[in-house]
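Here the structure comes first, spelled out in structure tokens, and everything after it is commentary.
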Amino acid sequence: MKRNGLILWLTGLSGAGKTTIAQRLENKLQEQAYLVELLDGDAIRQNLSQGLSFTKEDRDINVRRIGYVANLLSRNGVIVIVSLISPYRAVRDELRYSTKNFFEIYVNTPIEVCEARDVKGLYAKARNGYIKSFTGIDDPYEEPLNPHITCDTTKETVDESVTKILHWLEGMNQLSGLVIPINSRENLNFSSLKI
Ligand code: ADP
């Protein structure tokens, strides 16, 4: 088995479609018996990054924490999907260029579309001033200059974006060696592990 997994880092505005694409991608990979873990920005802020604010400093800390966990998992062969706005280019690049098998996926949806979707009602609150430092409204989003993959959700369906990502990974030979055959999994004796 290939030792290193992958880190598939989805960046983009709130409402761009990161979580939707990430969840569908996770399902597709699991169906094919890959080991997958999804690290979702909203969920991480409820636990690992509870208490962090949305200043640049805290957002960068959040990205580095998630990058650290993603690294731990991926070095054990897991495909880690990260769904996180991660608005600052420098810290994304820091991870990208210091991490093996890190792939940046830009979920590129214009702010007008994200705002029209307003899935969580956050844009309305940001426009009304109830939420400060909201990415794209009164906080910056620095788009990737050279992402490995771009998903344009105004032109692609969720399935098309997921297929595009999978084809790209297959084309780059990134998926081979990552599946643990079912037989081997059955032979794993977890009870002997001291956790
Ligand atoms: P994010 O995680 O980037 O904040 P979400 O995935 O939570 O965004 O929300 C994106 C919304 O946009 C969802 O309601 C999703 O159904 C919708 N949507 C419409 N078209 C697409 C598409 N082509 N790709 C992804 N999401 C889409």
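By convention in this document, the chains of the structure tokens carry letters A, B, ... by their order, each chain's residues are numbered from 1, and ligands are numbered from 1 in the order they are shown.
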Quiz item: What are the DSSP strand (DSSP E) residues of chain A, as a PyMOL selection string?
Solution: chain A and resi 6-11+36-40+79-83+102-108+149-152
Self-check item: Neighbour list for stretch 116-123 of chain A as an MDAnalysis selection string, cut-off 10 Å, only C-alpha atoms, skip fewer than 2 positions in-chain
Solution: chainID A and resid 14:17 111:114 125:131 134:137
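Counting only C-alpha atoms, A:Asn62 has the following residues at most 9 Å away, ignoring those fewer than 3 positions along the same chain: Gly41, Ile44, Arg45, Leu48, Ser49, Leu52, Glu57, Asp58, Arg59, Arg65, Ile66, Gly67 and Ser86 of chain A.
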Quiz prompt | Nearest candidate to ligand 1 (options A:Gln174, A:Thr163, A:Thr20, A:Asn108; using only C-alpha atoms and all ligand atoms) | solution =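 Using only C-alpha atoms and all ligand atoms, the shortest distance to ligand 1 belongs to A:Thr20.
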Quiz prompt | Using only C-alpha atoms and all ligand atoms: which of A:Val63, A:Ala33, A:Leu39, A:Leu84 has the shortest distance to ligand 1 | solution =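 Nearest candidate to ligand 1 out of A:Val63, A:Ala33, A:Leu39, A:Leu84: A:Leu84.
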Practice problem: Would you mind telling me which residue in A:Gln50, A:Ser98, A:Gln32, A:Ser161 lies nearest to ligand 1 when using only C-alpha atoms and all ligand atoms? | Solution: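 Once distances to ligand 1 are computed over only C-alpha atoms and all ligand atoms, the minimum belongs to A:Ser161.
Reported to one decimal place, the separation of atom CA of A:Gly12 from atom CA of A:Arg92 is 11.8 Å.
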Quiz item: For ligand 1, which of A:Thr153, A:Asn173, A:Asn27, A:Gln46 is the closest residue, counting only C-alpha atoms and all ligand atoms?
Solution: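 Closest to ligand 1 of all the choices is A:Thr153.
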Exercise. From stretch 74-111 of chain A, collect each residue whose DSSP state is helix (DSSP H, G or I) and return the set as a PyMOL selection string.
Key: chain A and resi 74+89-98+111
Exercise. Using only C-alpha atoms, determine which residues lie at most 8 Å from A:Lys100, disregarding the query and same-chain residues fewer than 2 positions distant; provide the list as an MDAnalysis selection string.
Key: chainID A and resid 4 6 96:98 102
Exercise. Write out as a list in words each polymer residue whose atoms come within 10 Å of A:Pro140, counting only C-alpha atoms; drop sequence neighbours fewer than 6 positions from it.
Key: Leu13, Lys56, Pro87, Tyr88, Ser133 and Phe134 of chain A
